[in-house]
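> I'd like to ask some things about the structure below.
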Amino acid sequence: MHRLVGYHRPGSIADAVELLHAPDRMALAGGTTFVHDRGAEPVEVVDLQALGLDDIAVPGEPGERAGHGDRVRIGATVTLLAVCRHAAIPDLVRQCATAELPSTLRSLATVGGTVAAAEPGSVLLAALLVHEAVVGFADGRTEPLGTVLRDGVGPGSLVVDVTV
């Protein structure tokens, strides 16, 4: 539980990372796991909506952020509903995104948020593990999803994409 005491909406990934390095700040995309509680620890949120992390890149598409080889790159703020509907994403991943949450939350919940929340019962995370998903971070490093789930995202880190 959190008590919201501040809101930031950076216009660049660099600004978001800088904001996230401060204590008591957390990334916010869909907001489905954020629960406000007046008695809880204070937190400021860093809204990721304006960062352009909401695209899905498939092999062969033009663009500098395209998928690598035959892998599909899913931006961190892509909603689970968009994952369900995108034909280039493996069937198992799409089916598990459909089963992940109630339909009312799938239009808000994001891939990056699902990774960061690391819920043990997540069927979407299981499907991503089966497809050897790799998590990309704002600092340019990549980690296998299994490593990220074991170690956590870490303070000041920002998930920018997941490739399958």
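Letters for chains follow the order of the structure tokens (A, B, ...), residue numbers begin at 1 for each chain, and ligand numbers begin at 1 in the order shown.
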Out of chain A, which residues get alpha helix (DSSP H) from DSSP, as a VMD selection string?
chain A and resid 13 to 20 80 to 85 91 to 100 103 to 106 111 to 117 123 to 130 145 to 151
> Within 12 Å of A:Ser103, counting only C-alpha atoms, which residues show up once you throw out same-chain ones fewer than 5 positions away? Write them as a list in words, please.
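Once the nearby chain positions are removed, what remains is Thr79, Leu80, Leu81, Ala82, Cys84, Ala97, Thr98, Leu108 and Ala109 of chain A.
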> Might you pull out every residue within 9 Å of A:Leu128, with only C-alpha atoms counted and same-chain residues fewer than 3 positions away left off, and present them as a PyMOL selection string?
chain A and resi 92-93+123-125+131-134+145+162-164
> Using DSSP on the backbone coordinates, identify the residues of stretch 3-161 of chain A assigned to strand (DSSP E or B); present them as a PDB file with N, CA and C atoms, in the first residue's frame.

```pdb
ATOM      1  N   ARG A   3       0.849   5.800  -0.107  1.00  0.00           N
ATOM      2  CA  ARG A   3       0.150   7.075   0.043  1.00  0.00           C
ATOM      3  C   ARG A   3       0.778   8.028  -0.962  1.00  0.00           C
ATOM      4  N   LEU A   4       0.019   8.399  -1.971  1.00  0.00           N
ATOM      5  CA  LEU A   4       0.521   9.246  -3.044  1.00  0.00           C
ATOM      6  C   LEU A   4       0.731  10.666  -2.532  1.00  0.00           C
ATOM      7  N   VAL A   5       1.976  11.156  -2.669  1.00  0.00           N
ATOM      8  CA  VAL A   5       2.293  12.512  -2.222  1.00  0.00           C
ATOM      9  C   VAL A   5       2.915  13.358  -3.329  1.00  0.00           C
ATOM     10  N   GLY A   6       3.180  12.758  -4.492  1.00  0.00           N
ATOM     11  CA  GLY A   6       3.755  13.522  -5.587  1.00  0.00           C
ATOM     12  C   GLY A   6       3.566  12.817  -6.911  1.00  0.00           C
ATOM     13  N   TYR A   7       3.532  13.616  -7.981  1.00  0.00           N
ATOM     14  CA  TYR A   7       3.312  13.091  -9.320  1.00  0.00           C
ATOM     15  C   TYR A   7       4.277  13.774 -10.287  1.00  0.00           C
ATOM     16  N   HIS A   8       4.946  12.969 -11.115  1.00  0.00           N
ATOM     17  CA  HIS A   8       5.864  13.488 -12.129  1.00  0.00           C
ATOM     18  C   HIS A   8       5.522  12.827 -13.457  1.00  0.00           C
ATOM     19  N   ARG A  25      10.159   6.862  -4.820  1.00  0.00           N
ATOM     20  CA  ARG A  25       9.485   7.100  -6.095  1.00  0.00           C
ATOM     21  C   ARG A  25       9.323   5.771  -6.807  1.00  0.00           C
ATOM     22  N   MET A  26       8.216   5.645  -7.518  1.00  0.00           N
ATOM     23  CA  MET A  26       7.978   4.419  -8.259  1.00  0.00           C
ATOM     24  C   MET A  26       7.393   4.747  -9.625  1.00  0.00           C
ATOM     25  N   ALA A  27       7.692   3.869 -10.583  1.00  0.00           N
ATOM     26  CA  ALA A  27       7.167   4.034 -11.935  1.00  0.00           C
ATOM     27  C   ALA A  27       5.676   3.730 -11.944  1.00  0.00           C
ATOM     28  N   LEU A  28       4.954   4.457 -12.779  1.00  0.00           N
ATOM     29  CA  LEU A  28       3.521   4.266 -12.918  1.00  0.00           C
ATOM     30  C   LEU A  28       3.181   4.236 -14.395  1.00  0.00           C
ATOM     31  N   HIS A  36      -3.811   3.246  -3.040  1.00  0.00           N
ATOM     32  CA  HIS A  36      -3.618   4.411  -2.178  1.00  0.00           C
ATOM     33  C   HIS A  36      -4.172   4.109  -0.791  1.00  0.00           C
ATOM     34  N   PRO A  42       4.612   7.185   2.333  1.00  0.00           N
ATOM     35  CA  PRO A  42       4.440   8.135   1.226  1.00  0.00           C
ATOM     36  C   PRO A  42       5.283   7.741   0.016  1.00  0.00           C
ATOM     37  N   VAL A  43       4.742   7.985  -1.170  1.00  0.00           N
ATOM     38  CA  VAL A  43       5.445   7.672  -2.409  1.00  0.00           C
ATOM     39  C   VAL A  43       5.086   8.722  -3.463  1.00  0.00           C
ATOM     40  N   GLU A  44       6.038   9.014  -4.324  1.00  0.00           N
ATOM     41  CA  GLU A  44       5.792   9.842  -5.496  1.00  0.00           C
ATOM     42  C   GLU A  44       5.805   8.906  -6.698  1.00  0.00           C
ATOM     43  N   VAL A  45       4.966   9.190  -7.689  1.00  0.00           N
ATOM     44  CA  VAL A  45       4.928   8.352  -8.874  1.00  0.00           C
ATOM     45  C   VAL A  45       5.532   9.082 -10.058  1.00  0.00           C
ATOM     46  N   VAL A  46       6.159   8.290 -10.928  1.00  0.00           N
ATOM     47  CA  VAL A  46       6.741   8.787 -12.168  1.00  0.00           C
ATOM     48  C   VAL A  46       5.934   8.167 -13.291  1.00  0.00           C
ATOM     49  N   ASP A  47       5.070   8.963 -13.904  1.00  0.00           N
ATOM     50  CA  ASP A  47       4.149   8.510 -14.945  1.00  0.00           C
ATOM     51  C   ASP A  47       4.926   8.295 -16.244  1.00  0.00           C
ATOM     52  N   ILE A  56       4.725  -2.034 -30.390  1.00  0.00           N
ATOM     53  CA  ILE A  56       5.130  -3.419 -30.602  1.00  0.00           C
ATOM     54  C   ILE A  56       5.857  -3.459 -31.932  1.00  0.00           C
ATOM     55  N   ALA A  57       7.115  -3.918 -31.925  1.00  0.00           N
ATOM     56  CA  ALA A  57       7.925  -3.967 -33.147  1.00  0.00           C
ATOM     57  C   ALA A  57       8.136  -5.419 -33.548  1.00  0.00           C
ATOM     58  N   ARG A  73       9.512  -7.183 -30.193  1.00  0.00           N
ATOM     59  CA  ARG A  73       9.792  -6.292 -29.061  1.00  0.00           C
ATOM     60  C   ARG A  73       8.487  -5.642 -28.624  1.00  0.00           C
ATOM     61  N   ILE A  74       8.176  -5.787 -27.345  1.00  0.00           N
ATOM     62  CA  ILE A  74       6.952  -5.235 -26.763  1.00  0.00           C
ATOM     63  C   ILE A  74       7.369  -4.130 -25.802  1.00  0.00           C
ATOM     64  N   GLY A  75       6.950  -2.901 -26.098  1.00  0.00           N
ATOM     65  CA  GLY A  75       7.274  -1.778 -25.228  1.00  0.00           C
ATOM     66  C   GLY A  75       6.692  -1.962 -23.833  1.00  0.00           C
ATOM     67  N   THR A  79      -0.279  -2.221 -23.318  1.00  0.00           N
ATOM     68  CA  THR A  79      -1.277  -2.832 -22.432  1.00  0.00           C
ATOM     69  C   THR A  79      -1.431  -4.321 -22.730  1.00  0.00           C
ATOM     70  N   THR A 110       0.025  -3.059 -17.898  1.00  0.00           N
ATOM     71  CA  THR A 110       1.073  -3.037 -18.913  1.00  0.00           C
ATOM     72  C   THR A 110       2.030  -4.216 -18.773  1.00  0.00           C
ATOM     73  N   VAL A 134      13.286 -11.614 -22.882  1.00  0.00           N
ATOM     74  CA  VAL A 134      14.419 -10.812 -22.425  1.00  0.00           C
ATOM     75  C   VAL A 134      13.887  -9.422 -22.091  1.00  0.00           C
ATOM     76  N   VAL A 135      14.305  -8.908 -20.949  1.00  0.00           N
ATOM     77  CA  VAL A 135      13.852  -7.608 -20.493  1.00  0.00           C
ATOM     78  C   VAL A 135      14.921  -6.576 -20.807  1.00  0.00           C
ATOM     79  N   GLY A 136      14.523  -5.470 -21.449  1.00  0.00           N
ATOM     80  CA  GLY A 136      15.432  -4.374 -21.749  1.00  0.00           C
ATOM     81  C   GLY A 136      15.232  -3.244 -20.755  1.00  0.00           C
ATOM     82  N   PHE A 137      16.342  -2.638 -20.341  1.00  0.00           N
ATOM     83  CA  PHE A 137      16.295  -1.554 -19.372  1.00  0.00           C
ATOM     84  C   PHE A 137      16.770  -0.255 -20.015  1.00  0.00           C
ATOM     85  N   THR A 142      20.305  -5.752 -20.932  1.00  0.00           N
ATOM     86  CA  THR A 142      19.209  -6.699 -21.078  1.00  0.00           C
ATOM     87  C   THR A 142      19.459  -7.858 -20.133  1.00  0.00           C
ATOM     88  N   GLU A 143      18.382  -8.423 -19.645  1.00  0.00           N
ATOM     89  CA  GLU A 143      18.462  -9.560 -18.721  1.00  0.00           C
ATOM     90  C   GLU A 143      17.374 -10.557 -19.093  1.00  0.00           C
ATOM     91  N   PRO A 144      17.667 -11.851 -18.977  1.00  0.00           N
ATOM     92  CA  PRO A 144      16.597 -12.833 -19.154  1.00  0.00           C
ATOM     93  C   PRO A 144      15.488 -12.572 -18.121  1.00  0.00           C
ATOM     94  N   VAL A 159      12.278  -0.532 -16.762  1.00  0.00           N
ATOM     95  CA  VAL A 159      12.033  -1.490 -17.837  1.00  0.00           C
ATOM     96  C   VAL A 159      11.520  -0.703 -19.043  1.00  0.00           C
ATOM     97  N   VAL A 160      12.146  -0.918 -20.223  1.00  0.00           N
ATOM     98  CA  VAL A 160      11.679  -0.238 -21.425  1.00  0.00           C
ATOM     99  C   VAL A 160      11.016  -1.184 -22.423  1.00  0.00           C
ATOM    100  N   ASP A 161      11.368  -2.470 -22.367  1.00  0.00           N
ATOM    101  CA  ASP A 161      10.722  -3.407 -23.283  1.00  0.00           C
ATOM    102  C   ASP A 161      10.952  -4.842 -22.846  1.00  0.00           C
TER     103      ASP A 161
END
```
> Under the rule that only C-alpha atoms are counted, which of A:Leu158, A:Leu101, A:Gly121, A:Ala88 is the nearest residue to A:Asp139?
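That would be A:Leu158, the residue with the smallest distance to A:Asp139.
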> Name the residues in contact with A:Gly11 at a cut-off of 9 Å, using only C-alpha atoms, excluding same-chain residues fewer than 5 positions from it; report them as a PyMOL selection string.
chain A and resi 16+48-51
